[in-house]
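Trainee: Quick one, target.tsv (TSV, C-alpha atoms):
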```tsv
chain	number	residue	atom	x	y	z
E	1	MET	CA	73.25	18.33	-55.25
E	2	GLN	CA	72.19	15.67	-52.76
E	3	ARG	CA	74.77	16.89	-50.23
E	4	LEU	CA	73.56	20.46	-50.65
E	5	PHE	CA	69.97	19.37	-50.02
E	6	ILE	CA	70.98	17.49	-46.85
E	7	TYR	CA	72.97	20.51	-45.64
E	8	ILE	CA	70.01	22.86	-46.19
E	9	LEU	CA	67.66	20.41	-44.46
E	10	LEU	CA	69.94	20.11	-41.43
E	11	LEU	CA	70.34	23.88	-41.29
E	12	PHE	CA	66.57	24.31	-41.38
E	13	ILE	CA	66.05	21.76	-38.60
E	14	THR	CA	68.75	23.33	-36.44
E	15	ASN	CA	67.31	26.81	-36.86
E	16	THR	CA	63.80	25.56	-36.16
E	17	ILE	CA	64.92	23.84	-32.96
E	18	PHE	CA	66.81	26.90	-31.79
E	19	SER	CA	63.81	29.13	-32.43
E	20	GLN	CA	61.70	27.12	-30.01
E	21	PHE	CA	63.55	28.65	-27.06
E	22	ASN	CA	63.17	32.23	-28.33
E	23	GLY	CA	66.48	33.08	-26.68
E	24	LYS	CA	65.33	31.83	-23.25
E	25	ASN	CA	67.58	29.45	-21.32
E	26	PHE	CA	65.40	28.73	-18.27
E	27	SER	CA	61.81	27.76	-17.60
E	28	ALA	CA	59.93	27.36	-14.31
E	29	ALA	CA	56.67	25.40	-14.29
E	30	LEU	CA	53.82	24.61	-11.92
E	31	ASN	CA	51.88	21.46	-12.78
E	32	TYR	CA	48.75	19.56	-11.85
E	33	ASN	CA	49.07	15.76	-12.16
E	34	TYR	CA	46.84	12.71	-12.34
E	35	THR	CA	48.40	9.28	-11.69
E	36	THR	CA	46.27	6.31	-12.68
E	37	THR	CA	47.34	3.55	-10.25
E	38	SER	CA	49.48	2.66	-7.24
E	39	LYS	CA	49.76	-0.15	-4.69
E	40	LEU	CA	50.36	-0.37	-0.94
E	41	PHE	CA	51.92	-3.64	0.27
E	42	LEU	CA	51.32	-4.13	4.02
E	43	GLN	CA	53.63	-7.15	4.49
E	44	PRO	CA	56.24	-7.02	1.70
E	45	ASN	CA	58.85	-9.00	3.70
E	46	SER	CA	56.64	-11.96	4.56
E	47	GLU	CA	58.03	-15.43	3.81
E	48	ASP	CA	54.63	-16.44	2.45
E	49	PRO	CA	54.55	-15.38	-1.23
E	50	PHE	CA	50.77	-14.90	-1.13
E	51	VAL	CA	50.92	-12.59	1.90
E	52	ARG	CA	53.97	-10.81	0.46
E	53	GLY	CA	52.12	-10.04	-2.75
E	54	THR	CA	48.86	-9.00	-1.10
E	55	HIS	CA	48.27	-5.29	-1.61
E	56	GLN	CA	45.72	-2.53	-1.58
E	57	ASN	CA	45.12	-0.74	-4.88
E	58	LEU	CA	45.21	3.04	-4.46
E	59	ASP	CA	44.15	4.59	-7.74
E	60	ASP	CA	43.24	8.02	-9.12
E	61	ILE	CA	45.91	10.10	-7.37
E	62	TYR	CA	45.99	13.87	-7.87
E	63	SER	CA	49.07	15.93	-7.04
E	64	TYR	CA	50.97	19.15	-7.65
E	65	SER	CA	54.56	19.49	-8.86
E	66	ALA	CA	57.11	22.14	-9.78
E	67	GLU	CA	60.00	21.97	-12.23
E	68	ILE	CA	62.98	24.04	-13.36
E	69	ARG	CA	64.49	23.40	-16.81
E	70	PHE	CA	67.75	24.68	-18.30
E	71	ARG	CA	68.83	24.61	-21.94
E	72	ILE	CA	72.30	23.07	-22.44
E	73	SER	CA	72.31	23.00	-26.26
E	74	GLU	CA	70.08	23.80	-29.20
E	75	SER	CA	68.05	20.61	-28.78
E	76	LEU	CA	68.84	19.39	-25.25
E	77	PHE	CA	67.78	20.66	-21.87
E	78	ILE	CA	67.87	19.31	-18.33
E	79	GLY	CA	65.29	19.56	-15.58
E	80	ILE	CA	64.74	18.94	-11.90
E	81	SER	CA	61.24	18.49	-10.48
E	82	ILE	CA	59.64	17.95	-7.09
E	83	GLU	CA	56.25	16.37	-6.47
E	84	SER	CA	54.29	15.39	-3.38
E	85	LEU	CA	52.09	12.33	-3.87
E	86	LYS	CA	49.54	11.48	-1.17
E	87	LYS	CA	46.78	8.87	-1.19
E	88	THR	CA	44.69	7.31	1.60
E	89	TYR	CA	41.72	4.99	1.88
E	90	GLU	CA	39.30	3.93	4.61
E	91	ASN	CA	39.97	0.40	5.87
E	92	LYS	CA	36.75	-0.74	7.55
E	93	ASN	CA	37.85	-4.31	8.27
E	94	PHE	CA	40.73	-3.81	10.70
E	95	ASN	CA	40.74	-6.39	13.52
E	96	LEU	CA	41.10	-4.49	16.78
E	97	GLY	CA	40.89	-6.94	19.69
E	98	GLY	CA	38.11	-8.90	17.98
E	99	LEU	CA	36.25	-5.73	16.97
E	100	ARG	CA	35.96	-4.76	13.33
E	101	ALA	CA	37.35	-1.23	13.36
E	102	SER	CA	37.71	1.50	10.77
E	103	MET	CA	40.99	3.31	10.15
E	104	THR	CA	42.66	5.52	7.56
E	105	ASP	CA	45.60	3.95	5.72
E	106	GLY	CA	47.83	5.22	2.93
E	107	TYR	CA	51.10	6.91	2.03
E	108	ASN	CA	52.72	10.27	1.38
E	109	ILE	CA	55.72	10.25	-0.98
E	110	MET	CA	58.05	13.11	-1.88
E	111	MET	CA	59.54	12.72	-5.36
E	112	THR	CA	62.61	14.45	-6.77
E	113	GLU	CA	63.39	13.63	-10.40
E	114	PHE	CA	66.26	14.61	-12.71
E	115	ASN	CA	65.63	14.40	-16.44
E	116	LEU	CA	67.27	15.02	-19.80
E	117	TYR	CA	64.95	16.27	-22.57
E	118	TYR	CA	65.32	16.25	-26.34
E	119	LEU	CA	63.43	18.73	-28.47
E	120	ILE	CA	61.95	16.83	-31.41
E	121	PRO	CA	62.91	18.41	-34.79
E	122	PHE	CA	59.35	18.73	-36.14
E	123	SER	CA	58.58	21.29	-33.43
E	124	THR	CA	57.36	24.67	-34.68
E	125	LEU	CA	57.63	28.23	-33.44
E	126	HIS	CA	54.67	27.82	-31.05
E	127	PHE	CA	54.47	24.05	-30.52
E	128	LYS	CA	57.49	22.40	-28.88
E	129	PHE	CA	57.39	18.60	-28.80
E	130	TYR	CA	59.88	16.77	-26.62
E	131	MET	CA	60.75	13.40	-25.14
E	132	GLY	CA	62.97	12.57	-22.22
E	133	GLY	CA	63.88	10.39	-19.31
E	134	GLY	CA	65.95	10.22	-16.19
E	135	ALA	CA	66.22	9.09	-12.59
E	136	GLY	CA	64.37	9.87	-9.40
E	137	LEU	CA	64.80	9.84	-5.63
E	138	TYR	CA	61.76	8.94	-3.54
E	139	LEU	CA	61.17	9.29	0.20
E	140	GLY	CA	57.87	8.45	1.84
E	141	GLU	CA	55.89	7.85	4.99
E	142	HIS	CA	53.10	5.45	5.89
E	143	ILE	CA	49.89	7.18	6.95
E	144	ARG	CA	47.70	5.36	9.48
E	145	ASN	CA	45.12	6.91	11.80
E	146	LEU	CA	43.32	4.58	14.21
E	147	GLY	CA	41.10	5.96	16.95
E	148	ASP	CA	43.11	8.52	18.91
E	149	THR	CA	46.52	7.29	17.72
E	150	LYS	CA	48.47	7.28	14.48
E	151	PHE	CA	51.67	5.98	12.91
E	152	ILE	CA	54.97	7.72	13.51
E	153	ASN	CA	57.62	7.05	10.92
E	154	GLU	CA	61.04	5.61	11.63
E	155	LYS	CA	64.08	6.15	9.40
E	156	ASN	CA	62.82	5.30	5.92
E	157	LYS	CA	64.97	4.08	3.04
E	158	LEU	CA	65.50	6.30	0.03
E	159	GLY	CA	63.89	4.78	-3.04
E	160	TYR	CA	65.29	4.97	-6.56
E	161	GLY	CA	63.70	4.70	-9.97
E	162	ILE	CA	63.70	5.75	-13.61
E	163	ASN	CA	61.08	7.44	-15.74
E	164	VAL	CA	60.42	8.19	-19.40
E	165	LEU	CA	58.09	10.83	-20.79
E	166	VAL	CA	56.78	12.69	-23.80
E	167	GLY	CA	55.23	16.12	-23.86
E	168	MET	CA	54.43	19.34	-25.64
E	169	ASP	CA	54.70	23.03	-24.77
E	170	TYR	CA	52.47	25.56	-26.49
E	171	LEU	CA	54.03	29.03	-26.44
E	172	ILE	CA	51.42	31.71	-25.80
E	173	ASN	CA	54.14	34.34	-26.00
E	174	GLU	CA	57.90	34.52	-25.39
E	175	GLN	CA	57.52	34.20	-21.62
E	176	LEU	CA	54.47	31.98	-21.07
E	177	SER	CA	53.66	28.47	-22.28
E	178	ILE	CA	51.09	25.76	-21.55
E	179	ARG	CA	52.44	22.25	-20.99
E	180	GLY	CA	50.95	18.81	-21.51
E	181	GLN	CA	52.92	15.69	-20.59
E	182	LEU	CA	52.70	11.91	-20.25
E	183	ARG	CA	55.08	10.12	-17.86
E	184	PHE	CA	55.82	6.42	-17.22
E	185	ARG	CA	57.53	5.34	-13.97
E	186	ASP	CA	57.48	2.43	-11.51
E	187	PRO	CA	59.28	3.31	-8.24
E	188	GLU	CA	58.98	1.24	-5.06
E	189	VAL	CA	59.41	2.98	-1.70
E	190	GLU	CA	59.95	1.05	1.55
E	191	LEU	CA	58.26	2.57	4.60
E	192	THR	CA	58.98	1.79	8.27
E	193	SER	CA	56.68	2.99	11.04
E	194	LYS	CA	55.07	2.15	14.37
E	195	TYR	CA	52.13	3.26	16.47
E	196	ALA	CA	52.68	6.40	18.54
E	197	ASP	CA	51.29	4.58	21.62
E	198	ASN	CA	50.62	0.97	22.60
E	199	LEU	CA	47.09	1.85	23.72
E	200	VAL	CA	44.30	3.23	21.54
E	201	LYS	CA	40.85	4.52	22.42
E	202	TYR	CA	38.19	3.47	19.96
E	203	GLU	CA	34.44	4.01	20.39
E	204	GLY	CA	34.84	4.63	24.11
E	205	ARG	CA	36.96	1.54	24.76
E	206	THR	CA	40.72	1.13	25.25
E	207	PHE	CA	42.63	-1.51	23.29
E	208	SER	CA	46.22	-2.71	23.35
E	209	ILE	CA	48.05	-2.49	20.02
E	210	PRO	CA	51.50	-3.77	18.94
E	211	SER	CA	54.54	-1.61	19.66
E	212	ASN	CA	56.81	-3.24	17.06
E	213	ILE	CA	58.00	-1.57	13.86
E	214	PHE	CA	56.01	-2.25	10.68
E	215	THR	CA	57.57	-2.39	7.22
E	216	THR	CA	55.34	-1.59	4.26
E	217	LYS	CA	55.98	-0.68	0.62
E	218	ALA	CA	54.37	1.75	-1.80
E	219	ASN	CA	54.60	1.16	-5.56
E	220	ILE	CA	53.69	4.00	-7.93
E	221	ASP	CA	53.14	2.03	-11.13
E	222	GLY	CA	50.59	4.11	-13.02
E	223	ILE	CA	50.80	6.54	-15.91
E	224	THR	CA	51.00	10.20	-14.91
E	225	PHE	CA	49.17	12.82	-16.98
E	226	THR	CA	50.32	16.41	-16.46
E	227	ILE	CA	49.01	19.82	-17.38
E	228	GLY	CA	50.85	22.95	-16.33
E	229	ALA	CA	52.02	26.46	-17.03
E	230	ALA	CA	55.66	27.45	-17.58
E	231	PHE	CA	57.37	30.82	-17.37
E	232	ASN	CA	60.38	31.15	-19.70
E	233	PHE	CA	63.23	33.50	-18.86
```
Represent the structure from my file as structure tokens, please.

Mentor:
Amino acid sequence: MQRLFIYILLLFITNTIFSQFNGKNFSAALNYNYTTTSKLFLQPNSEDPFVRGTHQNLDDIYSYSAEIRFRISESLFIGISIESLKKTYENKNFNLGGLRASMTDGYNIMMTEFNLYYLIPFSTLHFKFYMGGGAGLYLGEHIRNLGDTKFINEKNKLGYGINVLVGMDYLINEQLSIRGQLRFRDPEVELTSKYADNLVKYEGRTFSIPSNIFTTKANIDGITFTIGAAFNF
């Protein structure tokens, strides 16, 4: 009797999971994201531990992303997503030849992430709960605009990282669903750049600026909240 009960329970769970896909194997989603925190390290290779750890907090980052998912079994599916994350701030205390100058500083990071998702058994016909995780590739550039010049980026290193997430899809109908998701990740991306020119015009004056290559680092360490719409086919 106990074995029969377990068999019926497993059969019910399996059928419930399968019904969440409604016969669809693919989904394509467009998402709007909010990331709580990030950091920009301007001298991450300094021998001085204090200087090395000095950073600028860049918080409240909004971005767009897209993702394709493919069902590989009744309860497992894989996905690949791309996201462009850009954040800048106004640095009003930059020392330019003894003059306190203002410049725009920040980063732009392109994220590609590969994830495996598990459909949680207590999902229903219209509410699909899932959890997942995977790995990501991250490539970025340092943004700096000072006077009439800006940073140009050298060959940047490809960053790596992992992420874990939980989420829910609400099926409006067989083709369309609304998605809510919570993601945790902590990638670090090394950025190398230099000024486009060794002279800059600022407030009608010309200043000499370094021509060497700068190494900086961006760390995306915040929680990412996502809301999106998915088309199932």

Trainee: Using only C-alpha atoms, which of the listed residues (E:Tyr170, E:Phe70, E:Phe94, E:Phe114) sits closest to His126 (chain E)?

Mentor: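 Smallest separation from His126 (chain E) among the options: E:Tyr170.
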
Trainee: Tell me, in Å to one decimal, how far CA of Leu165 (chain E) is from CA of Lys86 (chain E).

Mentor: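 Distance reported for this atom pair: 21.4 Å.
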
Trainee: Every residue with an atom at most 9 Å from (46.7, 6.4, 18.2) (file coordinates; all atoms listed in the file) is what I'm after, so could you write them as a list in words?

Mentor: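 These residues have at least one counted atom within 9 Å: Arg144, Asn145, Leu146, Gly147, Asp148, Thr149, Lys150, Phe151, Tyr195, Ala196, Asp197, Asn198, Leu199, Val200 and Lys201 of chain E.
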
Trainee: Which of these residues is nearest to Leu191 (chain E), using only C-alpha atoms: E:Met103, E:Leu125, E:Ile143, E:Ile172?

Mentor: E:Ile143

Trainee: For the atom pair CA of Thr35 (chain E) and CA of Glu83 (chain E), what is the interatomic distance in Å to one decimal place?

Mentor: 11.8 Å

Trainee: Could you give me, as a ChimeraX atom specification, the residues within 10 Å of Lys92 (chain E), counting only C-alpha atoms and dropping anything in the same chain fewer than 4 positions from it?

Mentor: /E:100-104
